[in-house]
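J.: Just one file: model_23.cif, with mmCIF, C-alpha atoms and all ligand atoms.
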```cif
data_final
#
loop_
_atom_site.label_atom_id
_atom_site.label_comp_id
_atom_site.auth_asym_id
_atom_site.auth_seq_id
_atom_site.Cartn_x
_atom_site.Cartn_y
_atom_site.Cartn_z
CA MET A 1 0.00 0.00 0.00
CA ILE A 2 1.29 3.44 -0.92
CA VAL A 3 0.27 6.45 1.16
CA ALA A 4 1.17 9.98 0.04
CA THR A 5 1.21 12.17 3.16
CA ILE A 6 1.04 15.93 2.79
CA VAL A 7 2.47 18.22 5.47
CA GLY A 8 3.47 21.87 5.45
CA ALA A 9 2.79 23.65 8.73
CA ARG A 10 4.30 23.11 12.19
CA PRO A 11 1.38 21.18 13.78
CA GLN A 12 1.36 18.77 10.85
CA LEU A 13 5.00 17.91 11.46
CA VAL A 14 4.12 17.06 15.05
CA LYS A 15 1.20 14.84 13.95
CA ALA A 16 3.29 13.15 11.25
CA ALA A 17 6.01 12.39 13.81
CA ALA A 18 3.44 10.26 15.66
CA LEU A 19 2.07 8.46 12.60
CA SER A 20 4.88 8.08 10.04
CA PRO A 21 7.06 5.60 11.99
CA VAL A 22 4.04 3.36 12.68
CA LEU A 23 2.66 3.66 9.15
CA ARG A 24 6.01 2.79 7.59
CA ARG A 25 6.04 -0.62 9.29
CA ARG A 26 3.04 -1.63 7.20
CA ALA A 27 3.01 0.59 4.11
CA THR A 28 5.15 2.69 1.81
CA GLU A 29 4.81 6.33 2.74
CA ILE A 30 5.84 9.21 0.50
CA LEU A 31 6.12 12.41 2.53
CA ILE A 32 5.40 15.64 0.67
CA HIS A 33 6.24 18.97 2.38
CA THR A 34 4.51 21.93 0.77
CA GLY A 35 6.94 24.41 2.34
CA GLN A 36 4.12 26.45 3.93
CA HIS A 37 6.38 26.79 6.98
CA TYR A 38 10.05 27.18 6.12
CA ASP A 39 11.98 28.94 8.91
CA PHE A 40 14.31 26.54 10.74
CA GLU A 41 12.28 26.92 13.98
CA MET A 42 8.98 26.31 12.15
CA SER A 43 10.04 23.23 10.20
CA GLN A 44 13.54 21.70 10.23
CA VAL A 45 13.81 21.64 14.02
CA PHE A 46 10.96 19.11 14.11
CA PHE A 47 12.77 16.81 11.66
CA GLU A 48 15.85 17.02 13.88
CA GLN A 49 14.08 16.43 17.22
CA LEU A 50 11.30 14.02 16.35
CA PRO A 51 11.04 10.60 14.67
CA LEU A 52 9.99 12.29 11.46
CA PRO A 53 11.39 10.87 8.21
CA ALA A 54 12.88 13.31 5.69
CA ALA A 55 10.47 14.66 3.08
CA ASP A 56 10.58 12.87 -0.27
CA HIS A 57 9.31 15.99 -2.06
CA HIS A 58 9.68 19.58 -0.97
CA LEU A 59 7.49 21.98 -2.91
CA GLY A 60 9.00 25.23 -1.56
CA VAL A 61 5.68 27.09 -1.76
CA GLY A 62 6.33 29.51 1.11
CA SER A 63 4.05 32.35 2.20
CA GLY A 64 1.36 34.18 0.24
CA THR A 65 -2.25 35.25 0.31
CA GLN A 66 -4.80 32.52 1.03
CA GLY A 67 -5.58 32.00 -2.66
CA ALA A 68 -2.06 32.34 -4.03
CA GLN A 69 -0.57 29.99 -1.42
CA THR A 70 -3.28 27.35 -1.82
CA GLY A 71 -3.23 27.68 -5.62
CA THR A 72 0.53 27.26 -5.89
CA MET A 73 0.33 24.17 -3.69
CA LEU A 74 -2.41 22.69 -5.88
CA GLN A 75 -0.39 23.33 -9.01
CA ARG A 76 2.76 21.72 -7.58
CA LEU A 77 1.00 18.78 -5.91
CA GLU A 78 -0.98 17.64 -8.92
CA PRO A 79 1.83 16.22 -11.10
CA ILE A 80 3.46 14.50 -8.13
CA LEU A 81 0.25 12.82 -6.99
CA GLU A 82 -0.62 11.86 -10.57
CA GLU A 83 2.78 10.22 -11.01
CA LEU A 84 2.66 8.44 -7.63
CA ASN A 85 -0.94 7.24 -8.00
CA PRO A 86 -1.04 6.29 -4.29
CA ASP A 87 -3.71 4.17 -2.60
CA TRP A 88 -4.35 7.02 -0.15
CA VAL A 89 -3.55 10.70 0.08
CA LEU A 90 -3.35 11.56 3.77
CA VAL A 91 -3.82 15.10 5.07
CA TYR A 92 -3.77 16.46 8.62
CA GLY A 93 -5.79 19.16 10.31
CA ASP A 94 -6.95 22.39 8.74
CA THR A 95 -4.21 24.43 7.10
CA ASN A 96 -3.92 25.57 3.50
CA SER A 97 -1.63 22.56 2.94
CA THR A 98 -4.51 20.33 4.09
CA LEU A 99 -6.98 21.91 1.69
CA ALA A 100 -4.59 21.89 -1.28
CA GLY A 101 -3.67 18.25 -0.68
CA ALA A 102 -7.28 17.16 -0.38
CA LEU A 103 -8.42 19.10 -3.45
CA ALA A 104 -5.50 18.01 -5.65
CA ALA A 105 -6.15 14.39 -4.72
CA ALA A 106 -9.95 14.48 -5.03
CA LYS A 107 -9.71 16.05 -8.48
CA LEU A 108 -7.42 13.20 -9.57
CA ALA A 109 -10.01 10.73 -8.18
CA LEU A 110 -7.53 9.62 -5.52
CA ARG A 111 -8.89 8.61 -2.12
CA VAL A 112 -8.33 11.17 0.61
CA VAL A 113 -7.98 10.34 4.29
CA HIS A 114 -8.41 13.29 6.63
CA VAL A 115 -6.77 12.92 10.02
CA GLU A 116 -8.22 15.16 12.75
CA ALA A 117 -11.47 15.34 10.82
CA GLY A 118 -14.72 16.85 12.13
CA MET A 119 -13.22 19.74 14.08
CA ARG A 120 -15.46 22.80 13.93
CA SER A 121 -15.32 26.32 15.34
CA PHE A 122 -18.63 27.25 13.67
CA VAL A 123 -17.01 30.49 12.51
CA PRO A 124 -17.55 30.25 8.77
CA THR A 125 -15.07 33.01 7.86
CA MET A 126 -12.14 31.46 9.73
CA PRO A 127 -9.60 30.21 7.13
CA GLU A 128 -9.17 26.92 9.02
CA GLU A 129 -12.95 26.32 9.15
CA ILE A 130 -13.18 26.61 5.36
CA ASN A 131 -10.25 24.22 4.99
CA ARG A 132 -11.74 21.65 7.37
CA VAL A 133 -15.25 21.66 6.00
CA VAL A 134 -14.12 21.28 2.38
CA THR A 135 -11.54 18.63 3.28
CA ASP A 136 -14.05 16.57 5.26
CA HIS A 137 -16.52 16.71 2.40
CA VAL A 138 -14.07 15.49 -0.29
CA SER A 139 -12.50 12.78 1.90
CA ALA A 140 -13.28 9.07 1.70
CA LEU A 141 -12.12 8.49 5.26
CA ARG A 142 -12.54 10.95 8.13
CA LEU A 143 -10.52 9.97 11.19
CA CYS A 144 -11.59 11.85 14.28
CA SER A 145 -9.79 12.60 17.55
CA THR A 146 -12.89 13.05 19.70
CA ALA A 147 -16.56 12.12 20.01
CA THR A 148 -17.41 15.80 19.47
CA ALA A 149 -15.78 15.65 16.04
CA VAL A 150 -17.80 12.56 15.10
CA ALA A 151 -20.99 14.35 16.18
CA ASN A 152 -20.04 17.45 14.16
CA LEU A 153 -19.74 15.33 11.03
CA ALA A 154 -23.04 13.58 11.73
CA ARG A 155 -24.72 17.00 11.92
CA GLU A 156 -23.46 17.68 8.38
CA GLY A 157 -24.86 14.36 7.20
CA ILE A 158 -21.49 12.57 7.14
CA ALA A 159 -21.64 9.21 8.86
CA GLU A 160 -19.84 6.96 6.42
CA GLY A 161 -16.08 6.54 6.43
CA VAL A 162 -15.95 8.09 9.93
CA HIS A 163 -13.80 6.53 12.67
CA GLN A 164 -12.88 7.83 16.11
CA VAL A 165 -9.23 6.88 16.44
CA GLY A 166 -7.93 9.12 19.23
CA ASP A 167 -5.40 11.88 18.87
CA LEU A 168 -1.90 11.76 17.39
CA MET A 169 -0.61 14.81 19.27
CA ALA A 170 -1.67 13.22 22.54
CA GLU A 171 0.16 10.06 21.57
CA LEU A 172 3.35 11.94 20.69
CA LEU A 173 3.16 13.89 23.94
CA ALA A 174 2.88 10.68 25.96
CA ALA A 175 5.91 9.24 24.16
CA GLU A 176 8.05 12.38 24.40
CA LEU A 177 7.15 13.50 27.93
CA PRO A 178 9.48 11.06 29.75
CA ARG A 179 12.35 12.43 27.63
CA THR A 180 11.66 15.95 28.84
CA MET A 181 11.90 14.98 32.53
CA SER A 182 15.57 15.88 32.79
CA ARG A 183 15.08 19.03 30.73
CA ARG A 184 15.36 22.24 32.66
CA ALA A 185 14.19 24.53 29.89
CA ALA A 186 12.64 27.01 32.34
CA GLU A 187 15.75 27.22 34.53
CA SER A 188 17.97 27.72 31.50
CA LEU A 189 15.86 30.79 30.69
CA GLY A 190 16.15 32.07 34.26
CA LEU A 191 12.54 31.10 35.08
CA GLU A 192 11.25 29.29 38.13
CA ARG A 193 9.02 26.25 37.76
CA ARG A 194 5.29 27.19 38.11
CA HIS A 195 6.25 30.85 38.40
CA TYR A 196 5.95 31.90 34.77
CA VAL A 197 3.28 32.11 32.10
CA LEU A 198 3.81 30.53 28.68
CA ALA A 199 1.98 32.28 25.84
CA THR A 200 1.61 31.67 22.09
CA MET A 201 -0.57 33.41 19.50
CA HIS A 202 -0.83 33.39 15.74
CA ARG A 203 -4.50 33.23 14.69
CA ALA A 204 -5.55 35.55 11.89
CA ALA A 205 -8.26 37.05 14.13
CA ASN A 206 -5.66 37.99 16.80
CA THR A 207 -3.04 39.38 14.44
CA ALA A 208 -5.13 41.33 11.95
CA SER A 209 -5.17 44.59 13.92
CA GLY A 210 -2.87 46.49 16.22
CA GLU A 211 -5.76 47.05 18.64
CA VAL A 212 -6.40 43.36 19.26
CA LEU A 213 -2.68 42.68 19.68
CA GLU A 214 -2.39 45.55 22.14
CA ARG A 215 -5.37 44.32 24.18
CA ILE A 216 -3.91 40.83 24.50
CA LEU A 217 -0.45 42.12 25.39
CA ALA A 218 -1.95 44.56 27.93
CA GLY A 219 -3.76 41.65 29.62
CA LEU A 220 -0.58 39.56 29.69
CA ALA A 221 1.44 42.50 31.04
CA ARG A 222 -0.72 42.43 34.21
CA SER A 223 0.71 39.01 35.07
CA PRO A 224 2.51 38.85 38.42
CA TYR A 225 4.85 36.31 36.81
CA PRO A 226 7.21 36.61 33.84
CA VAL A 227 5.43 35.84 30.56
CA LEU A 228 7.41 33.87 27.98
CA LEU A 229 6.16 34.45 24.44
CA PRO A 230 7.79 32.26 21.76
CA LEU A 231 6.67 34.39 18.89
CA HIS A 232 5.12 32.94 15.75
CA PRO A 233 6.50 34.69 12.63
CA ARG A 234 3.00 35.87 11.64
CA THR A 235 2.67 37.67 14.97
CA ARG A 236 6.18 39.09 14.80
CA ALA A 237 5.39 40.52 11.36
CA ALA A 238 2.04 41.92 12.59
CA MET A 239 3.62 43.59 15.62
CA GLN A 240 6.20 45.25 13.37
CA ARG A 241 3.54 46.32 10.88
CA PHE A 242 1.32 47.90 13.54
CA GLY A 243 4.20 49.28 15.62
CA VAL A 244 3.14 47.24 18.66
CA SER A 245 5.71 46.25 21.28
CA ALA A 246 5.45 43.91 24.25
CA PRO A 247 5.65 45.56 27.69
CA ALA A 248 7.36 43.91 30.70
CA PRO A 249 7.03 41.29 32.09
CA ILE A 250 6.51 39.81 28.62
CA ARG A 251 9.63 38.28 27.15
CA ILE A 252 9.69 37.50 23.44
CA ILE A 253 11.81 34.61 22.16
CA GLU A 254 12.05 32.71 18.87
CA PRO A 255 9.62 29.81 18.27
CA LEU A 256 10.76 26.75 20.21
CA GLY A 257 11.60 23.21 19.19
CA TYR A 258 9.02 20.62 20.26
CA ARG A 259 11.03 19.29 23.19
CA GLU A 260 11.79 22.71 24.69
CA MET A 261 8.16 23.68 24.17
CA LEU A 262 6.89 20.56 25.91
CA ALA A 263 9.21 21.08 28.88
CA LEU A 264 8.15 24.72 29.17
CA GLU A 265 4.46 23.81 28.90
CA ARG A 266 4.90 21.15 31.60
CA ASP A 267 6.41 23.60 34.10
CA ALA A 268 4.28 26.68 33.38
CA ARG A 269 1.93 28.19 35.96
CA VAL A 270 -0.61 28.83 33.23
CA ILE A 271 -0.62 28.65 29.43
CA VAL A 272 -2.21 31.41 27.35
CA THR A 273 -2.73 30.54 23.69
CA ASP A 274 -4.86 30.63 20.57
CA SER A 275 -3.26 27.43 19.26
CA GLY A 276 -5.37 24.32 18.88
CA GLY A 277 -2.50 21.97 19.64
CA VAL A 278 -1.27 23.92 22.65
CA GLN A 279 -4.77 23.94 24.25
CA LYS A 280 -4.80 20.17 23.99
CA GLU A 281 -1.28 19.80 25.35
CA ALA A 282 -2.11 22.05 28.31
CA TYR A 283 -5.04 19.79 29.20
CA LEU A 284 -2.94 16.64 28.85
CA LEU A 285 -0.22 18.12 31.06
CA GLY A 286 -2.68 19.41 33.68
CA VAL A 287 -1.68 23.05 33.19
CA PRO A 288 -4.50 25.64 33.29
CA CYS A 289 -5.15 27.16 29.86
CA LEU A 290 -6.55 30.53 28.84
CA THR A 291 -7.62 30.52 25.22
CA LEU A 292 -7.38 33.80 23.34
CA ARG A 293 -10.51 33.09 21.33
CA ALA A 294 -14.28 33.26 21.73
CA GLU A 295 -14.70 29.61 20.75
CA THR A 296 -12.64 26.44 20.54
CA GLU A 297 -12.56 23.26 18.48
CA TRP A 298 -11.74 21.42 21.73
CA PRO A 299 -14.83 22.30 23.85
CA GLU A 300 -14.30 19.23 26.04
CA THR A 301 -11.34 20.97 27.67
CA VAL A 302 -13.57 23.94 28.58
CA ASP A 303 -16.34 21.66 29.85
CA ALA A 304 -13.78 19.86 32.02
CA GLY A 305 -12.91 23.20 33.64
CA TRP A 306 -9.27 23.33 32.50
CA ASN A 307 -9.63 25.78 29.63
CA ARG A 308 -11.18 29.26 29.76
CA LEU A 309 -12.17 31.22 26.68
CA VAL A 310 -10.93 34.77 27.31
CA GLY A 311 -10.93 36.20 23.79
CA SER A 312 -8.80 39.34 23.70
CA GLN A 313 -10.25 40.82 26.91
CA PRO A 314 -7.44 42.24 29.07
CA ASP A 315 -9.39 41.83 32.35
CA ALA A 316 -10.20 38.17 31.71
CA ILE A 317 -6.58 37.48 30.71
CA ALA A 318 -5.26 39.30 33.79
CA ALA A 319 -7.67 37.50 36.14
CA GLY A 320 -6.73 34.13 34.65
CA VAL A 321 -2.98 34.57 34.94
CA ARG A 322 -3.25 35.94 38.49
CA GLY A 323 -5.09 33.43 40.52
CA TRP A 324 -6.92 30.73 38.63
CA GLN A 325 -6.42 27.09 39.59
CA PRO A 326 -8.84 24.57 38.04
CA THR A 327 -9.91 21.65 40.17
CA GLY A 328 -12.02 19.56 37.77
CA GLU A 329 -11.20 15.97 36.95
CA ARG A 330 -9.16 15.44 33.75
CA ARG A 331 -10.64 12.49 31.94
CA PRO A 332 -8.78 10.92 28.99
CA LEU A 333 -10.53 12.92 26.26
CA PHE A 334 -8.09 12.22 23.48
CA GLY A 335 -7.95 8.43 23.32
CA THR A 336 -5.74 5.82 24.83
CA GLY A 337 -2.52 6.53 22.98
CA SER A 338 -3.02 4.09 20.14
CA ALA A 339 -4.18 6.55 17.48
CA ALA A 340 -1.37 5.78 15.03
CA GLN A 341 -2.04 2.06 15.20
CA ARG A 342 -5.78 2.56 14.73
CA ILE A 343 -5.21 4.81 11.71
CA VAL A 344 -2.98 2.21 10.05
CA GLU A 345 -5.57 -0.50 10.71
CA VAL A 346 -8.32 1.56 9.10
CA LEU A 347 -6.15 2.30 6.08
CA LEU A 348 -5.24 -1.36 5.61
CA ALA A 349 -8.79 -2.67 6.02
CA PRO A 350 -10.62 -3.29 2.74
CA GLN A 351 -12.84 -0.32 1.89
CA SER A 352 -16.12 -0.14 0.03
CA GLU A 353 -16.70 2.65 -2.51
CA ASP A 354 -18.15 4.92 0.19
CA GLY A 355 -15.17 4.60 2.50
CA GLU A 356 -16.69 2.08 4.92
CA THR A 357 -14.21 -0.51 6.14
CA GLN A 358 -15.50 -3.96 5.22
CA ALA A 359 -13.43 -6.07 7.56
CA PRO A 360 -14.11 -5.67 11.30
CA LEU A 361 -11.43 -3.54 12.93
CA PRO A 362 -9.58 -4.87 15.95
CA ARG A 363 -10.91 -3.37 19.16
CA ALA A 364 -9.14 -0.46 20.85
CA LYS A 365 -6.99 -1.49 23.84
CA SER A 366 -9.48 -0.30 26.41
CA GLY A 367 -13.06 0.89 26.33
CA THR A 368 -12.76 4.66 26.48
CA GLY A 369 -15.27 5.32 23.79
CA GLU A 370 -12.88 5.19 20.85
CA GLY A 371 -14.08 3.80 17.57
C1 LIG B 1 -0.92 28.36 9.60
C2 LIG B 1 -2.33 27.78 9.50
C3 LIG B 1 -2.95 27.72 10.89
C4 LIG B 1 -2.05 26.97 11.85
C5 LIG B 1 -0.65 27.57 11.85
C6 LIG B 1 0.25 26.75 12.70
C7 LIG B 1 -3.52 28.31 7.41
C8 LIG B 1 -4.59 29.12 6.78
N1 LIG B 1 -3.20 28.62 8.67
O1 LIG B 1 -1.05 29.69 10.03
O2 LIG B 1 -4.19 27.02 10.81
O3 LIG B 1 -2.61 27.04 13.14
O4 LIG B 1 -0.16 27.58 10.50
O5 LIG B 1 1.39 27.45 13.08
O6 LIG B 1 -2.99 27.42 6.79
N2 LIG B 1 6.03 32.98 8.20
C9 LIG B 1 7.38 33.06 8.30
N3 LIG B 1 8.10 31.91 8.31
C10 LIG B 1 7.54 30.68 8.25
C11 LIG B 1 6.15 30.61 8.14
C12 LIG B 1 5.40 31.76 8.13
O7 LIG B 1 7.95 34.15 8.36
O8 LIG B 1 8.26 29.67 8.28
C13 LIG B 1 5.23 34.22 8.26
C14 LIG B 1 4.97 34.87 6.90
O9 LIG B 1 4.97 36.24 7.08
C15 LIG B 1 3.57 34.38 6.59
C16 LIG B 1 2.92 34.33 7.97
O10 LIG B 1 3.96 33.94 8.84
O11 LIG B 1 2.88 35.23 5.71
C17 LIG B 1 1.76 33.37 8.07
O12 LIG B 1 2.13 32.05 7.69
P1 LIG B 1 1.05 31.03 7.10
O13 LIG B 1 1.66 29.71 6.93
O14 LIG B 1 0.38 31.63 5.91
O15 LIG B 1 -0.05 30.99 8.22
P2 LIG B 1 0.11 30.72 9.79
O16 LIG B 1 -0.28 31.94 10.52
O17 LIG B 1 1.44 30.13 10.05
N1 LIG B 2 4.98 24.30 19.24
C1 LIG B 2 6.37 24.23 19.29
N2 LIG B 2 7.05 25.40 19.47
C2 LIG B 2 6.44 26.61 19.62
C3 LIG B 2 5.01 26.65 19.57
C4 LIG B 2 4.32 25.47 19.37
O1 LIG B 2 6.95 23.17 19.18
O2 LIG B 2 7.12 27.63 19.78
C5 LIG B 2 4.24 23.04 19.05
C6 LIG B 2 3.18 22.80 20.10
O3 LIG B 2 3.73 22.21 21.25
C7 LIG B 2 2.21 21.90 19.35
C8 LIG B 2 2.27 22.46 17.95
O4 LIG B 2 3.51 23.13 17.84
O5 LIG B 2 2.66 20.56 19.35
C9 LIG B 2 1.12 23.41 17.71
O6 LIG B 2 1.35 24.14 16.57
P1 LIG B 2 0.72 25.59 16.32
O7 LIG B 2 0.38 26.23 17.59
O8 LIG B 2 1.64 26.31 15.40
O9 LIG B 2 -0.59 25.25 15.45
P2 LIG B 2 -2.10 24.87 15.78
O10 LIG B 2 -2.11 23.68 16.68
O11 LIG B 2 -2.76 26.07 16.35
O12 LIG B 2 -2.68 24.58 14.43
#
```
Turn this file's structure into structure tokens for me.

T.:
Amino acid sequence: MIVATIVGARPQLVKAAALSPVLRRRATEILIHTGQHYDFEMSQVFFEQLPLPAADHHLGVGSGTQGAQTGTMLQRLEPILEELNPDWVLVYGDTNSTLAGALAAAKLALRVVHVEAGMRSFVPTMPEEINRVVTDHVSALRLCSTATAVANLAREGIAEGVHQVGDLMAELLAAELPRTMSRRAAESLGLERRHYVLATMHRAANTASGEVLERILAGLARSPYPVLLPLHPRTRAAMQRFGVSAPAPIRIIEPLGYREMLALERDARVIVTDSGGVQKEAYLLGVPCLTLRAETEWPETVDAGWNRLVGSQPDAIAAGVRGWQPTGERRPLFGTGSAAQRIVEVLLAPQSEDGETQAPLPRAKSGTGEG
């Protein structure tokens, strides 16, 4: 079986690091990097730190407007996919690389498998929402992390070719966490464990105006603890464009490698973020999370009491970083750590035309509602 996997942005490299080694034991995988992210800290560092095989094709697409970036990817992906004629084209998540990969494949009548399917923010103008909805609708297989995602698809009339497999990021975190135990990333930055805030932001809605950026930074600046902000290049560019600077105690650093990031997440007092992956990691690590958005694709973390939606409101951000300590139980929301194995099993099972697996799938290791 040949699987062409398309990656391009940082979170997709993290997800591929969990799946590729497992997939390659049973199938031939061709890894295609669109080049959506290209700075060393946004791409190569993940190949160096994680069990991620080198890309077989690098399309060098780089940055651009939504249409230009997606269009260039489509144009460059098409001849490669046509030549490879894989059994599956696998895409992750909701970036422009996801959409381009799914569209290029569907138009060549190749079967698309969407990993992390069914996520919804219900904000129709959000670039990621457009990417997810279209990708889910052209996919033959939609592999979901959570029960919420399965229910979202059902609401759109998609029930076939849907499997709840658990979450790859959660699986990678569980594998990598023991390796971070000896890491003193906080100390090496002069920070004290549980006495700093870790913040990330990059969403279009939070970086499109100087006012929103200023509100978020003003809220963070009221933290009684140092605030470490590994700055996404989109946000760095926006701050320069709008002439916005970060007041003390905010400390801006370059984006981090996965292992440093995990160690700093683990030891933070609170995490403040608009990242999907970081919200999930905060929950898994038992670190309180303030989400700089009005909604989330991971509502289970909010329902569990470990994630608060604070938008860009300075008072809510300040209150959260000052004294909030969640007490709710943290149930295993993201599967039992066998997502990669489950994905490979679904891919290898015989499929009917509509994406339904015809052979019964082996049961998940324990009954936590997966599958
Ligand atoms: C993209 C995804 C978003 C995801 C995020 C993960 C889309 C529409 N958005 O957003 O869903 O959460 O990746 O990080 O696909 N830049 C650099 N160097 C890089 C990459 C980007 O300088 O290596 C700068 C460029 O100015 C670029 C901007 O960041 O224009 C935005 O990059 P882009 O990949 O278009 O979107 P992200 O904000 O990274
Ligand atoms: N991440 C990282 N270094 C950073 C910021 C994030 O390694 O400086 C990791 C983070 O731990 C998670 C993933 O990148 O595994 C999330 O990516 P990002 O926030 O860019 O995208 P999103 O999840 O919002 O799509």

J.: If you count all atoms listed in the file, which residues end up within 8 Å of ligand LIG 1 (chain B), as JSON, numbers by chain?

T.: {"A": [9, 10, 11, 36, 37, 38, 39, 40, 41, 42, 43, 62, 63, 64, 65, 66, 69, 94, 95, 96, 97, 98, 127, 128, 131, 202, 203, 204, 232, 233, 234, 235, 237, 275, 276]}

J.: Taking all atoms listed in the file into account, name the residue in A:Ser338, A:Ser223, A:Thr146, A:Thr34 that is nearest to Gly71 in chain A.

T.: A:Thr34

J.: Counting only C-alpha atoms and all ligand atoms, what are the residues of chain A within 7 Å of ligand LIG 2 (chain B), and for each of them which pair of atoms is the nearest and at what distance in Å, to one decimal? Sort the table by chain and rising number, as CSV.

T.:
```
residue,atom,partner,partner_atom,distance
A:Arg10,CA,B:LIG2,O8,5.3
A:Pro11,CA,B:LIG2,O6,4.1
A:Val14,CA,B:LIG2,O5,5.7
A:Met169,CA,B:LIG2,O5,6.6
A:Thr200,CA,B:LIG2,C3,6.6
A:Pro230,CA,B:LIG2,O2,5.1
A:Leu231,CA,B:LIG2,O2,6.8
A:His232,CA,B:LIG2,O2,7.0
A:Pro255,CA,B:LIG2,O2,3.6
A:Leu256,CA,B:LIG2,O2,3.8
A:Gly257,CA,B:LIG2,O1,4.7
A:Tyr258,CA,B:LIG2,O1,3.5
A:Arg259,CA,B:LIG2,O1,6.9
A:Met261,CA,B:LIG2,N2,5.1
A:Leu262,CA,B:LIG2,O3,5.9
A:Asp274,CA,B:LIG2,O11,6.6
A:Ser275,CA,B:LIG2,O11,3.3
A:Gly276,CA,B:LIG2,O10,4.0
A:Gly277,CA,B:LIG2,O10,3.4
A:Val278,CA,B:LIG2,C7,5.2
A:Glu281,CA,B:LIG2,O3,6.9
```

J.: Using only C-alpha atoms, which of the listed residues (A:Val344, A:Arg293, A:Val310, A:Val91) sits closest to Thr28 in chain A?

T.: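 For Thr28 in chain A, the nearest of the given residues is A:Val344.
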
J.: Show me as a count of residues only the residues that reach within 12 Å of (3.9, -2.9, 11.6), counting all atoms listed in the file and using the file's own coordinates.

T.: 17

J.: Can you pull out every residue within 10 Å of Pro314 in chain A, counting all atoms listed in the file, but drop anything in the same chain fewer than 6 positions away, and send it as a ChimeraX atom specification?

T.: /A:212,214-222,320

J.: Mind pulling up the distance from CA of Gln49 in chain A to CA of Ala18 in chain A?

T.: 12.4 Å

J.: So what do you get for CA of Ala106 in chain A versus CA of Ile2 in chain A, distance-wise?

T.: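 Between CA of Ala106 in chain A and CA of Ile2 in chain A the gap works out to 16.3 Å.
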
J.: Could range 209-223 of chain A be completed with N, CA and C atoms and returned as a JSON list (two decimals), in the coordinates of the input?

T.:
```json
[["chain", "number", "residue", "atom", "x", "y", "z"],
["A", 209, "SER", "N", -5.14, 43.15, 13.58],
["A", 209, "SER", "CA", -5.17, 44.59, 13.92],
["A", 209, "SER", "C", -4.26, 44.87, 15.12],
["A", 210, "GLY", "N", -3.72, 46.07, 15.12],
["A", 210, "GLY", "CA", -2.87, 46.49, 16.22],
["A", 210, "GLY", "C", -3.65, 46.55, 17.52],
["A", 211, "GLU", "N", -4.94, 46.91, 17.42],
["A", 211, "GLU", "CA", -5.76, 47.05, 18.64],
["A", 211, "GLU", "C", -5.91, 45.72, 19.37],
["A", 212, "VAL", "N", -6.22, 44.67, 18.63],
["A", 212, "VAL", "CA", -6.40, 43.36, 19.26],
["A", 212, "VAL", "C", -5.07, 42.90, 19.88],
["A", 213, "LEU", "N", -3.99, 43.06, 19.14],
["A", 213, "LEU", "CA", -2.68, 42.68, 19.68],
["A", 213, "LEU", "C", -2.38, 43.43, 20.97],
["A", 214, "GLU", "N", -2.67, 44.73, 20.95],
["A", 214, "GLU", "CA", -2.39, 45.55, 22.14],
["A", 214, "GLU", "C", -3.22, 45.11, 23.34],
["A", 215, "ARG", "N", -4.49, 44.76, 23.07],
["A", 215, "ARG", "CA", -5.37, 44.32, 24.18],
["A", 215, "ARG", "C", -4.83, 43.05, 24.83],
["A", 216, "ILE", "N", -4.42, 42.11, 23.96],
["A", 216, "ILE", "CA", -3.91, 40.83, 24.50],
["A", 216, "ILE", "C", -2.62, 41.08, 25.29],
["A", 217, "LEU", "N", -1.72, 41.88, 24.72],
["A", 217, "LEU", "CA", -0.45, 42.12, 25.39],
["A", 217, "LEU", "C", -0.66, 42.90, 26.69],
["A", 218, "ALA", "N", -1.66, 43.80, 26.70],
["A", 218, "ALA", "CA", -1.95, 44.56, 27.93],
["A", 218, "ALA", "C", -2.45, 43.62, 29.02],
["A", 219, "GLY", "N", -3.28, 42.64, 28.65],
["A", 219, "GLY", "CA", -3.76, 41.65, 29.62],
["A", 219, "GLY", "C", -2.60, 40.83, 30.17],
["A", 220, "LEU", "N", -1.73, 40.37, 29.27],
["A", 220, "LEU", "CA", -0.58, 39.56, 29.69],
["A", 220, "LEU", "C", 0.37, 40.36, 30.58],
["A", 221, "ALA", "N", 0.49, 41.65, 30.29],
["A", 221, "ALA", "CA", 1.44, 42.50, 31.04],
["A", 221, "ALA", "C", 1.01, 42.66, 32.50],
["A", 222, "ARG", "N", -0.26, 42.34, 32.81],
["A", 222, "ARG", "CA", -0.72, 42.43, 34.21],
["A", 222, "ARG", "C", -0.40, 41.16, 34.99],
["A", 223, "SER", "N", 0.32, 40.24, 34.38],
["A", 223, "SER", "CA", 0.71, 39.01, 35.07],
["A", 223, "SER", "C", 1.71, 39.31, 36.19]]
```
